[in-house]
Each structure stands twice: as C-alpha cells, then as structure tokens.
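Peer 1: Structure: protein.pdb, PDB, C-alpha atoms, pLDDT in the B column.
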```pdb
ATOM      1  CA  MET A  82     -44.945 -34.813   0.445  1.00 40.00           C
ATOM      2  CA  THR A  83     -43.914 -31.906   2.652  1.00 44.00           C
ATOM      3  CA  GLU A  84     -40.199 -31.578   3.206  1.00 55.00           C
ATOM      4  CA  LEU A  85     -38.779 -30.187   6.430  1.00 60.00           C
ATOM      5  CA  GLN A  86     -36.326 -27.337   6.096  1.00 79.00           C
ATOM      6  CA  MET A  87     -32.709 -28.384   6.241  1.00 83.00           C
ATOM      7  CA  THR A  88     -30.748 -27.033   9.192  1.00 86.00           C
ATOM      8  CA  ASP A  89     -27.337 -25.441   8.722  1.00 85.00           C
ATOM      9  CA  GLU A  90     -25.738 -28.443  10.448  1.00 86.00           C
ATOM     10  CA  GLU A  91     -27.472 -30.918   8.129  1.00 87.00           C
ATOM     11  CA  PHE A  92     -26.472 -28.885   5.094  1.00 87.00           C
ATOM     12  CA  GLU A  93     -22.843 -28.600   6.236  1.00 84.00           C
ATOM     13  CA  ARG A  94     -22.800 -32.398   6.689  1.00 84.00           C
ATOM     14  CA  GLU A  95     -24.112 -32.693   3.120  1.00 85.00           C
ATOM     15  CA  ILE A  96     -21.406 -30.344   1.824  1.00 81.00           C
ATOM     16  CA  ARG A  97     -18.723 -32.452   3.537  1.00 79.00           C
ATOM     17  CA  HIS A  98     -20.220 -35.589   1.954  1.00 79.00           C
ATOM     18  CA  VAL A  99     -20.139 -33.987  -1.505  1.00 82.00           C
ATOM     19  CA  ARG A 100     -16.612 -32.656  -0.949  1.00 75.00           C
ATOM     20  CA  SER A 101     -15.391 -36.158  -0.026  1.00 76.00           C
ATOM     21  CA  SER A 102     -17.085 -37.579  -3.152  1.00 75.00           C
ATOM     22  CA  ILE A 103     -15.352 -35.268  -5.618  1.00 73.00           C
ATOM     23  CA  TYR A 104     -11.966 -34.600  -4.052  1.00 61.00           C
ATOM     24  CA  PRO A 105      -9.798 -33.109  -5.506  1.00 61.00           C
ATOM     25  CA  ALA A 106     -11.796 -30.386  -7.179  1.00 63.00           C
ATOM     26  CA  PRO A 107     -12.061 -26.625  -7.135  1.00 63.00           C
ATOM     27  CA  GLY A 108     -14.160 -25.020  -4.432  1.00 78.00           C
ATOM     28  CA  ILE A 109     -17.667 -26.392  -4.511  1.00 85.00           C
ATOM     29  CA  VAL A 110     -21.100 -24.830  -4.346  1.00 90.00           C
ATOM     30  CA  LEU A 111     -23.783 -27.223  -3.186  1.00 91.00           C
ATOM     31  CA  LEU A 112     -27.304 -26.488  -4.426  1.00 95.00           C
ATOM     32  CA  HIS A 113     -30.374 -27.759  -2.613  1.00 95.00           C
ATOM     33  CA  ILE A 114     -33.812 -26.847  -3.955  1.00 97.00           C
ATOM     34  CA  GLY A 115     -36.217 -27.636  -1.142  1.00 96.00           C
ATOM     35  CA  ALA A 116     -39.956 -27.265  -0.997  1.00 96.00           C
ATOM     36  CA  ASP A 117     -39.918 -23.829   0.640  1.00 96.00           C
ATOM     37  CA  GLU A 118     -36.353 -22.605   0.270  1.00 96.00           C
ATOM     38  CA  THR A 119     -33.235 -22.983  -1.812  1.00 96.00           C
ATOM     39  CA  LEU A 120     -29.800 -23.293  -0.247  1.00 95.00           C
ATOM     40  CA  LEU A 121     -26.385 -22.623  -1.685  1.00 93.00           C
ATOM     41  CA  GLY A 122     -23.481 -23.911   0.367  1.00 90.00           C
ATOM     42  CA  LEU A 123     -20.190 -22.240  -0.472  1.00 84.00           C
ATOM     43  CA  GLU A 124     -17.021 -23.987   0.564  1.00 73.00           C
ATOM     44  CA  ALA A 125     -14.687 -21.458   2.164  1.00 68.00           C
ATOM     45  CA  ASP A 126     -11.574 -23.471   2.968  1.00 65.00           C
ATOM     46  CA  GLY A 127     -12.562 -27.118   3.223  1.00 61.00           C
ATOM     47  CA  LEU A 128     -13.480 -26.732   6.870  1.00 64.00           C
ATOM     48  CA  HIS A 129     -15.793 -23.735   6.870  1.00 69.00           C
ATOM     49  CA  TYR A 130     -18.879 -23.094   4.807  1.00 79.00           C
ATOM     50  CA  HIS A 131     -21.082 -20.149   4.045  1.00 85.00           C
ATOM     51  CA  ILE A 132     -24.750 -21.013   3.566  1.00 89.00           C
ATOM     52  CA  LEU A 133     -27.034 -18.755   1.558  1.00 90.00           C
ATOM     53  CA  ARG A 134     -30.771 -19.259   2.076  1.00 92.00           C
ATOM     54  CA  PHE A 135     -33.299 -18.051  -0.480  1.00 94.00           C
ATOM     55  CA  SER A 136     -37.023 -17.852   0.187  1.00 93.00           C
ATOM     56  CA  MET A 137     -37.866 -19.776  -2.965  1.00 94.00           C
ATOM     57  CA  GLY A 138     -38.430 -23.477  -3.276  1.00 96.00           C
ATOM     58  CA  SER A 139     -40.198 -25.856  -5.609  1.00 97.00           C
ATOM     59  CA  ALA A 140     -43.543 -25.947  -3.791  1.00 97.00           C
ATOM     60  CA  LYS A 141     -43.499 -22.355  -2.533  1.00 97.00           C
ATOM     61  CA  THR A 142     -42.592 -20.883  -5.926  1.00 97.00           C
ATOM     62  CA  GLY A 143     -45.057 -23.159  -7.702  1.00 96.00           C
ATOM     63  CA  ARG A 144     -47.889 -22.085  -5.374  1.00 96.00           C
ATOM     64  CA  ALA A 145     -46.985 -18.407  -5.492  1.00 97.00           C
ATOM     65  CA  PHE A 146     -46.656 -17.986  -9.255  1.00 97.00           C
ATOM     66  CA  PHE A 147     -48.212 -20.863 -11.180  1.00 97.00           C
ATOM     67  CA  ALA A 148     -51.998 -21.035 -11.334  1.00 95.00           C
ATOM     68  CA  HIS A 149     -51.907 -23.251 -14.442  1.00 94.00           C
ATOM     69  CA  GLU A 150     -50.260 -26.540 -15.417  1.00 93.00           C
ATOM     70  CA  PRO A 151     -48.251 -25.850 -17.495  1.00 93.00           C
ATOM     71  CA  PRO A 152     -47.783 -22.310 -16.255  1.00 95.00           C
ATOM     72  CA  SER A 153     -48.737 -19.485 -18.591  1.00 95.00           C
ATOM     73  CA  PRO A 154     -46.027 -17.317 -20.185  1.00 95.00           C
ATOM     74  CA  ALA A 155     -46.951 -14.424 -17.869  1.00 96.00           C
ATOM     75  CA  GLU A 156     -46.684 -16.694 -14.821  1.00 97.00           C
ATOM     76  CA  VAL A 157     -43.276 -17.943 -15.952  1.00 96.00           C
ATOM     77  CA  GLU A 158     -42.053 -14.386 -16.529  1.00 96.00           C
ATOM     78  CA  GLU A 159     -43.225 -13.220 -13.100  1.00 97.00           C
ATOM     79  CA  ALA A 160     -41.584 -16.213 -11.423  1.00 97.00           C
ATOM     80  CA  ILE A 161     -38.334 -15.605 -13.332  1.00 96.00           C
ATOM     81  CA  ASN A 162     -38.246 -11.980 -12.173  1.00 95.00           C
ATOM     82  CA  ASN A 163     -38.824 -12.980  -8.547  1.00 95.00           C
ATOM     83  CA  VAL A 164     -36.294 -15.819  -8.502  1.00 95.00           C
ATOM     84  CA  GLU A 165     -33.749 -13.765 -10.428  1.00 94.00           C
ATOM     85  CA  ASP A 166     -33.948 -10.976  -7.824  1.00 91.00           C
ATOM     86  CA  GLU A 167     -32.891 -13.422  -5.119  1.00 90.00           C
ATOM     87  CA  VAL A 168     -30.273 -15.315  -7.107  1.00 92.00           C
ATOM     88  CA  VAL A 169     -28.305 -12.269  -8.262  1.00 89.00           C
ATOM     89  CA  GLN A 170     -27.647 -11.434  -4.606  1.00 84.00           C
ATOM     90  CA  ALA A 171     -25.317 -14.443  -4.484  1.00 82.00           C
ATOM     91  CA  ALA A 172     -23.233 -13.364  -7.473  1.00 81.00           C
ATOM     92  CA  ASN A 173     -20.809 -11.237  -5.439  1.00 77.00           C
ATOM     93  CA  LYS A 174     -20.065 -14.223  -3.157  1.00 76.00           C
ATOM     94  CA  LEU A 175     -18.974 -16.366  -6.124  1.00 75.00           C
ATOM     95  CA  LYS A 176     -16.085 -14.406  -7.536  1.00 69.00           C
ATOM     96  CA  GLU A 177     -13.754 -17.371  -8.055  1.00 70.00           C
ATOM     97  CA  ARG A 178     -14.503 -20.390 -10.220  1.00 65.00           C
ATOM     98  CA  ARG A 179     -16.336 -23.136  -8.395  1.00 80.00           C
ATOM     99  CA  LEU A 180     -18.018 -26.436  -9.164  1.00 88.00           C
ATOM    100  CA  LEU A 181     -21.818 -26.516  -8.809  1.00 93.00           C
ATOM    101  CA  CYS A 182     -23.042 -29.773  -7.277  1.00 94.00           C
ATOM    102  CA  THR A 183     -26.252 -31.246  -5.942  1.00 95.00           C
ATOM    103  CA  THR A 184     -27.620 -34.435  -4.450  1.00 93.00           C
ATOM    104  CA  ASP A 185     -31.245 -33.439  -5.102  1.00 95.00           C
ATOM    105  CA  GLU A 186     -33.412 -36.101  -6.686  1.00 95.00           C
ATOM    106  CA  SER A 187     -35.451 -33.351  -8.365  1.00 96.00           C
ATOM    107  CA  VAL A 188     -32.369 -32.129 -10.262  1.00 97.00           C
ATOM    108  CA  ARG A 189     -31.435 -35.728 -11.104  1.00 97.00           C
ATOM    109  CA  ARG A 190     -34.934 -36.116 -12.580  1.00 96.00           C
ATOM    110  CA  ILE A 191     -34.450 -32.952 -14.659  1.00 97.00           C
ATOM    111  CA  ALA A 192     -31.146 -34.318 -15.969  1.00 98.00           C
ATOM    112  CA  VAL A 193     -32.702 -37.655 -16.939  1.00 97.00           C
ATOM    113  CA  ILE A 194     -35.668 -35.966 -18.640  1.00 96.00           C
ATOM    114  CA  SER A 195     -33.232 -33.768 -20.560  1.00 96.00           C
ATOM    115  CA  GLY A 196     -31.453 -36.855 -21.889  1.00 95.00           C
ATOM    116  CA  VAL A 197     -28.513 -37.360 -19.517  1.00 97.00           C
ATOM    117  CA  PRO A 198     -27.960 -41.104 -18.949  1.00 96.00           C
ATOM    118  CA  GLU A 199     -28.718 -42.006 -15.348  1.00 93.00           C
ATOM    119  CA  SER A 200     -25.709 -42.946 -13.217  1.00 92.00           C
ATOM    120  CA  ASP A 201     -24.260 -42.340  -9.765  1.00 87.00           C
ATOM    121  CA  ASP A 202     -22.252 -39.374 -11.012  1.00 85.00           C
ATOM    122  CA  MET A 203     -24.056 -37.259 -13.625  1.00 95.00           C
ATOM    123  CA  SER A 204     -23.425 -33.889 -15.195  1.00 96.00           C
ATOM    124  CA  LEU A 205     -26.123 -31.641 -16.652  1.00 98.00           C
ATOM    125  CA  SER A 206     -24.885 -28.891 -18.936  1.00 98.00           C
ATOM    126  CA  ARG A 207     -26.493 -25.478 -18.914  1.00 97.00           C
ATOM    127  CA  ASP A 208     -27.209 -25.874 -22.634  1.00 97.00           C
ATOM    128  CA  ARG A 209     -29.097 -29.127 -22.102  1.00 97.00           C
ATOM    129  CA  MET A 210     -30.999 -27.615 -19.170  1.00 98.00           C
ATOM    130  CA  GLU A 211     -31.887 -24.575 -21.311  1.00 97.00           C
ATOM    131  CA  GLN A 212     -33.215 -26.878 -24.026  1.00 97.00           C
ATOM    132  CA  LEU A 213     -35.489 -28.531 -21.464  1.00 96.00           C
ATOM    133  CA  PHE A 214     -36.616 -25.127 -20.211  1.00 97.00           C
ATOM    134  CA  GLY A 215     -37.364 -24.182 -23.831  1.00 95.00           C
ATOM    135  CA  ARG A 216     -39.600 -27.236 -24.122  1.00 94.00           C
ATOM    136  CA  LEU A 217     -41.485 -26.179 -20.989  1.00 95.00           C
ATOM    137  CA  ALA A 218     -41.780 -22.634 -22.365  1.00 93.00           C
ATOM    138  CA  ALA A 219     -43.219 -24.004 -25.622  1.00 92.00           C
ATOM    139  CA  LEU A 220     -45.847 -25.911 -23.643  1.00 92.00           C
ATOM    140  CA  SER A 221     -46.678 -22.772 -21.678  1.00 91.00           C
ATOM    141  CA  MET A 222     -47.218 -20.925 -24.970  1.00 91.00           C
ATOM    142  CA  GLY A 223     -49.757 -23.445 -26.152  1.00 87.00           C
ATOM    143  CA  ARG A 224     -47.937 -26.373 -27.700  1.00 86.00           C
ATOM    144  CA  PRO A 225     -50.104 -29.422 -26.853  1.00 85.00           C
ATOM    145  CA  VAL A 226     -49.003 -31.107 -23.621  1.00 81.00           C
ATOM    146  CA  ALA A 227     -49.362 -34.498 -25.316  1.00 82.00           C
ATOM    147  CA  SER A 228     -46.607 -33.485 -27.775  1.00 81.00           C
ATOM    148  CA  ASP A 229     -43.904 -33.717 -25.102  1.00 86.00           C
ATOM    149  CA  ASP A 230     -43.163 -36.110 -22.271  1.00 86.00           C
ATOM    150  CA  ILE A 231     -41.966 -33.551 -19.707  1.00 94.00           C
ATOM    151  CA  PRO A 232     -43.958 -33.018 -16.514  1.00 94.00           C
ATOM    152  CA  VAL A 233     -46.031 -29.841 -16.424  1.00 90.00           C
ATOM    153  CA  ASP A 234     -46.847 -29.736 -12.705  1.00 95.00           C
ATOM    154  CA  ARG A 235     -46.081 -26.603 -10.685  1.00 96.00           C
ATOM    155  CA  GLU A 236     -43.260 -28.092  -8.605  1.00 96.00           C
ATOM    156  CA  PHE A 237     -41.384 -29.461 -11.604  1.00 97.00           C
ATOM    157  CA  ALA A 238     -41.730 -26.136 -13.442  1.00 97.00           C
ATOM    158  CA  ALA A 239     -40.562 -24.215 -10.354  1.00 98.00           C
ATOM    159  CA  THR A 240     -37.583 -26.518  -9.770  1.00 98.00           C
ATOM    160  CA  LEU A 241     -36.489 -26.212 -13.395  1.00 98.00           C
ATOM    161  CA  LEU A 242     -36.912 -22.427 -13.274  1.00 98.00           C
ATOM    162  CA  ILE A 243     -34.876 -22.095 -10.052  1.00 98.00           C
ATOM    163  CA  LEU A 244     -32.126 -24.329 -11.453  1.00 98.00           C
ATOM    164  CA  ARG A 245     -32.082 -22.284 -14.654  1.00 97.00           C
ATOM    165  CA  GLU A 246     -31.768 -18.964 -12.832  1.00 96.00           C
ATOM    166  CA  VAL A 247     -28.989 -20.270 -10.562  1.00 96.00           C
ATOM    167  CA  MET A 248     -26.983 -21.686 -13.468  1.00 96.00           C
ATOM    168  CA  HIS A 249     -27.570 -18.671 -15.708  1.00 94.00           C
ATOM    169  CA  HIS A 250     -27.023 -15.770 -13.309  1.00 92.00           C
ATOM    170  CA  LEU A 251     -24.216 -17.394 -11.346  1.00 92.00           C
ATOM    171  CA  GLN A 252     -22.586 -18.482 -14.621  1.00 92.00           C
ATOM    172  CA  PHE A 253     -22.284 -22.220 -14.071  1.00 94.00           C
ATOM    173  CA  ASP A 254     -21.727 -24.193 -17.286  1.00 95.00           C
ATOM    174  CA  SER A 255     -22.911 -27.430 -15.676  1.00 97.00           C
ATOM    175  CA  ILE A 256     -24.080 -29.036 -12.465  1.00 97.00           C
ATOM    176  CA  LYS A 257     -22.630 -32.253 -11.071  1.00 95.00           C
ATOM    177  CA  ILE A 258     -25.333 -34.550  -9.682  1.00 95.00           C
ATOM    178  CA  LEU A 259     -24.142 -37.023  -7.062  1.00 92.00           C
ATOM    179  CA  ASN A 260     -25.824 -39.773  -5.091  1.00 83.00           C
ATOM    180  CA  ARG A 261     -28.403 -38.844  -2.510  1.00 69.00           C
ATOM    181  CA  ARG A 262     -27.568 -37.227   0.783  1.00 51.00           C
ATOM    182  CA  LEU A 263     -26.352 -39.282   3.661  1.00 48.00           C
ATOM    183  CA  ASN A 264     -28.922 -39.493   6.443  1.00 45.00           C
TER     184      ASN A 264
END
```
Would you write the structure of this file as structure tokens?
Peer 2:
Amino acid sequence: MTELQMTDEEFEREIRHVRSSIYPAPGIVLLHIGADETLLGLEADGLHYHILRFSMGSAKTGRAFFAHEPPSPAEVEEAINNVEDEVVQAANKLKERRLLCTTDESVRRIAVISGVPESDDMSLSRDRMEQLFGRLAALSMGRPVASDDIPVDREFAATLLILREVMHHLQFDSIKILNRRLN
C-alpha cells in the first residue's frame, strides 16, 4: 500500500490532536515514519510547530538498503549509517527535554511484537525496542528465521531501524504510542 506524503497542515493537525490527548505534559515531539519520509514535529509553544522532514521512510529505506529478508549485517550497517546521518541533524533542535509520541500503526506493531500489552495509550521503552532490534540483528547474522516470530520484511526492518536511530541519537528513553490520527 503506497502512502501519500503528509502535508505540513495535516501533520500540524496531528500534533494538536496528540497534544490534546496528553495535556499536561512537557513539550512534545511527534514522530511519523511514512513510506518515503520521516517527520518530527516539534512543539514550540503550544500554538506553533517546527516540522523536520527526513528523506528516509519505511519503504524507501527498505528498497534502498535491504536486498535480503532479513537484511544482511552489511545492509543493516549501511542503513544505520545513512539514517544516523539524517537523524543527528535534529539533535541541536531538541535541547530541552521533550516527550516522544507517535500515532503510527507501524510503531504500535513494533511495541506489541516487543511485548508491550496493546492498549489505547502505550509506551515502548528504548531498552525494549533495543532488545527487539537485537533479535532482528541475530536473524540477519544467520539465526534461523523460524526461531523467532518477528517479521523480517524490508519495511518492518527499516521502520525498526529508523525508530531505533531516532530514540538512540535524540536520547529518548521511551515513545508514547497513542490512538491513530484523526482524519
């Protein structure tokens, strides 16, 4: 399924929806991992938002770097280097402590696969996400695919990798996963 890119207006509407769902809370950062791009929406003052667009998404990154399912260790390493280069650019915009949030179903799926009980309001810790990434890495290094129940398709691997790099390099301890976007 091809996903259309989200406009700034749509993403700002999504940020307002998330803000209203978790009020009161520290400044929020809304993460959206789309097919062809990743967005970070930074709340400035409750009324204004700064949107960072990265040219990496689940399908685009999967196509560009992963020739195998599961991806090979070299493919994972190359993808990490590419995604990392983009993510670290956002670090200087996140000087104060903020709450990382998403409404993405793909991140919800990652949380459930990692063992977080499914609910309307979920939280995935970086440690739990890293454990899931470690399982994917073990599969990429040759552990039999049948030995684990995680998906090994390119888009899942790319989504998990992007989430990992965002949480790691922007120093988020967890991500809050809320109900789907409002249409």
Peer 1: Taking (-43.6, -31.3, -17.4) as a centre in this file's frame and 9 Å as the limit, can you find every polymer residue with an atom that close, using only C-alpha atoms, and give them as a PyMOL selection string?
Peer 2: chain A and resi 150-151+216-217+220+226+229-235+237-238
Peer 1: Mind pulling up the distance from CA of Ile191 in chain A to CA of Thr240 in chain A?
Peer 2: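 Distance reported for this atom pair: 8.7 Å.
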Peer 1: Go through the shown structure with the PyMOL selection byres ((chain A and resi 141-143) around 12) and write out the matching residues as a PyMOL selection string.
Peer 2: chain A and resi 83-84+114-119+135-140+144-152+156-157+159-164+233-243
Peer 1: Set the distance at 12 Å and use only C-alpha atoms: which residues neighbour Leu112 in chain A once local chain neighbours fewer than 4 positions away are removed? I'd like the list as a PyMOL selection string.
Peer 2: chain A and resi 92-93+95-96+99+118-124+132-135+138+168+180-188+240+243-244+247-248+251+253+256-259+262
Peer 1: Residues as selected, C-alpha atoms, written as a PDB file, in the frame of the given file, can you do that?
Peer 2:
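Dumped everything to again_26.pdb:
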```pdb
ATOM      1  CA  PHE A  92     -26.472 -28.885   5.094  1.00 87.00           C
ATOM      2  CA  GLU A  93     -22.843 -28.600   6.236  1.00 84.00           C
ATOM      3  CA  GLU A  95     -24.112 -32.693   3.120  1.00 85.00           C
ATOM      4  CA  ILE A  96     -21.406 -30.344   1.824  1.00 81.00           C
ATOM      5  CA  VAL A  99     -20.139 -33.987  -1.505  1.00 82.00           C
ATOM      6  CA  GLU A 118     -36.353 -22.605   0.270  1.00 96.00           C
ATOM      7  CA  THR A 119     -33.235 -22.983  -1.812  1.00 96.00           C
ATOM      8  CA  LEU A 120     -29.800 -23.293  -0.247  1.00 95.00           C
ATOM      9  CA  LEU A 121     -26.385 -22.623  -1.685  1.00 93.00           C
ATOM     10  CA  GLY A 122     -23.481 -23.911   0.367  1.00 90.00           C
ATOM     11  CA  LEU A 123     -20.190 -22.240  -0.472  1.00 84.00           C
ATOM     12  CA  GLU A 124     -17.021 -23.987   0.564  1.00 73.00           C
ATOM     13  CA  ILE A 132     -24.750 -21.013   3.566  1.00 89.00           C
ATOM     14  CA  LEU A 133     -27.034 -18.755   1.558  1.00 90.00           C
ATOM     15  CA  ARG A 134     -30.771 -19.259   2.076  1.00 92.00           C
ATOM     16  CA  PHE A 135     -33.299 -18.051  -0.480  1.00 94.00           C
ATOM     17  CA  GLY A 138     -38.430 -23.477  -3.276  1.00 96.00           C
ATOM     18  CA  VAL A 168     -30.273 -15.315  -7.107  1.00 92.00           C
ATOM     19  CA  LEU A 180     -18.018 -26.436  -9.164  1.00 88.00           C
ATOM     20  CA  LEU A 181     -21.818 -26.516  -8.809  1.00 93.00           C
ATOM     21  CA  CYS A 182     -23.042 -29.773  -7.277  1.00 94.00           C
ATOM     22  CA  THR A 183     -26.252 -31.246  -5.942  1.00 95.00           C
ATOM     23  CA  THR A 184     -27.620 -34.435  -4.450  1.00 93.00           C
ATOM     24  CA  ASP A 185     -31.245 -33.439  -5.102  1.00 95.00           C
ATOM     25  CA  GLU A 186     -33.412 -36.101  -6.686  1.00 95.00           C
ATOM     26  CA  SER A 187     -35.451 -33.351  -8.365  1.00 96.00           C
ATOM     27  CA  VAL A 188     -32.369 -32.129 -10.262  1.00 97.00           C
ATOM     28  CA  THR A 240     -37.583 -26.518  -9.770  1.00 98.00           C
ATOM     29  CA  ILE A 243     -34.876 -22.095 -10.052  1.00 98.00           C
ATOM     30  CA  LEU A 244     -32.126 -24.329 -11.453  1.00 98.00           C
ATOM     31  CA  VAL A 247     -28.989 -20.270 -10.562  1.00 96.00           C
ATOM     32  CA  MET A 248     -26.983 -21.686 -13.468  1.00 96.00           C
ATOM     33  CA  LEU A 251     -24.216 -17.394 -11.346  1.00 92.00           C
ATOM     34  CA  PHE A 253     -22.284 -22.220 -14.071  1.00 94.00           C
ATOM     35  CA  ILE A 256     -24.080 -29.036 -12.465  1.00 97.00           C
ATOM     36  CA  LYS A 257     -22.630 -32.253 -11.071  1.00 95.00           C
ATOM     37  CA  ILE A 258     -25.333 -34.550  -9.682  1.00 95.00           C
ATOM     38  CA  LEU A 259     -24.142 -37.023  -7.062  1.00 92.00           C
ATOM     39  CA  ARG A 262     -27.568 -37.227   0.783  1.00 51.00           C
TER      40      ARG A 262
END
```
Peer 1: Mind checking which residues fall within 8 Å of Asp254 in chain A, counting all atoms listed in the file, ignoring those fewer than 4 positions away in the same chain, and posting them as a list in words?
Peer 2: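 Contacts, in chain order: Ser206, Arg207, Asp208 and Met248 of chain A.
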Peer 1: Could you write out that same residue set with C-alpha atoms as a PDB file, keeping the file's coordinate frame?
Peer 2:
```
ATOM      1  CA  SER A 206     -24.885 -28.891 -18.936  1.00 98.00           C
ATOM      2  CA  ARG A 207     -26.493 -25.478 -18.914  1.00 97.00           C
ATOM      3  CA  ASP A 208     -27.209 -25.874 -22.634  1.00 97.00           C
ATOM      4  CA  MET A 248     -26.983 -21.686 -13.468  1.00 96.00           C
TER       5      MET A 248
END
```
Peer 1: Report the distance between CA of Arg224 in chain A and CA of Glu199 in chain A in Å, rounded to one decimal place.
Peer 2: 27.7 Å
Peer 1: Return as AutoDock Vina command-line options the centre and edge lengths, in Å with one decimal, of the box along x, y and z that encloses every atom of range 185-203 of chain A in the file, padded by 8 Å per side.
Peer 2:
```
--center_x -29.0 --center_y -37.5 --center_z -13.5 --size_x 29.4 --size_y 26.8 --size_z 32.8
```
Peer 1: By how many Å are CA of Gly196 in chain A and CA of Leu175 in chain A apart?
Peer 2: 28.7 Å
Peer 1: Identify all residues satisfying the PyMOL selection byres ((chain A and resi 200) around 12) in the given file; provide them as a PyMOL selection string.
Peer 2: chain A and resi 189-190+192-193+197-199+201-205+257-261
Peer 1: Using all atoms listed in the file for the distances, tell me which of A:Gly215, A:Leu111, A:Glu158, A:Gln86 is nearest to His98 in chain A.
Peer 2: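 Looking at the shortest contact to His98 in chain A, the residue is A:Leu111.
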Peer 1: Go through A:Ile103, A:Asp89, A:Ser255, A:Glu246 and flag the residue nearest Arg209 in chain A, using all atoms listed in the file for the distances.
Peer 2: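 Looking only at the distances to Arg209 in chain A, the closest residue turns out to be A:Ser255.
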Peer 1: Using only C-alpha atoms, which of the listed residues (A:Leu213, A:Ala219, A:Val110, A:Ala155) sits closest to Lys174 in chain A?
Peer 2: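 Among A:Leu213, A:Ala219, A:Val110, A:Ala155, it is A:Val110 that comes nearest to Lys174 in chain A.
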Peer 1: Can you rebuild range 149-162 of chain A with N, CA and C atoms and give it as a CSV table (one decimal), in the frame of the given file?
Peer 2:
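Output file part-v7.csv is given in full below:
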```
chain,number,residue,atom,x,y,z
A,149,HIS,N,-51.6,-22.3,-13.4
A,149,HIS,CA,-51.9,-23.3,-14.4
A,149,HIS,C,-50.8,-24.3,-14.5
A,150,GLU,N,-51.2,-25.5,-15.1
A,150,GLU,CA,-50.3,-26.5,-15.4
A,150,GLU,C,-50.4,-26.9,-16.9
A,151,PRO,N,-49.5,-26.6,-17.8
A,151,PRO,CA,-48.3,-25.8,-17.5
A,151,PRO,C,-48.5,-24.4,-17.2
A,152,PRO,N,-47.6,-23.7,-16.6
A,152,PRO,CA,-47.8,-22.3,-16.3
A,152,PRO,C,-47.9,-21.5,-17.5
A,153,SER,N,-48.6,-20.4,-17.4
A,153,SER,CA,-48.7,-19.5,-18.6
A,153,SER,C,-47.4,-18.7,-18.8
A,154,PRO,N,-47.2,-18.1,-20.0
A,154,PRO,CA,-46.0,-17.3,-20.2
A,154,PRO,C,-45.9,-16.2,-19.2
A,155,ALA,N,-47.0,-15.5,-18.8
A,155,ALA,CA,-47.0,-14.4,-17.9
A,155,ALA,C,-46.6,-14.9,-16.5
A,156,GLU,N,-47.0,-16.1,-16.1
A,156,GLU,CA,-46.7,-16.7,-14.8
A,156,GLU,C,-45.2,-17.0,-14.8
A,157,VAL,N,-44.7,-17.6,-15.9
A,157,VAL,CA,-43.3,-17.9,-16.0
A,157,VAL,C,-42.4,-16.7,-15.8
A,158,GLU,N,-42.8,-15.6,-16.6
A,158,GLU,CA,-42.1,-14.4,-16.5
A,158,GLU,C,-42.0,-13.8,-15.1
A,159,GLU,N,-43.2,-13.8,-14.5
A,159,GLU,CA,-43.2,-13.2,-13.1
A,159,GLU,C,-42.4,-14.0,-12.1
A,160,ALA,N,-42.4,-15.4,-12.3
A,160,ALA,CA,-41.6,-16.2,-11.4
A,160,ALA,C,-40.1,-16.0,-11.7
A,161,ILE,N,-39.7,-15.9,-13.0
A,161,ILE,CA,-38.3,-15.6,-13.3
A,161,ILE,C,-37.9,-14.3,-12.7
A,162,ASN,N,-38.6,-13.3,-12.8
A,162,ASN,CA,-38.2,-12.0,-12.2
A,162,ASN,C,-38.0,-12.1,-10.7
```
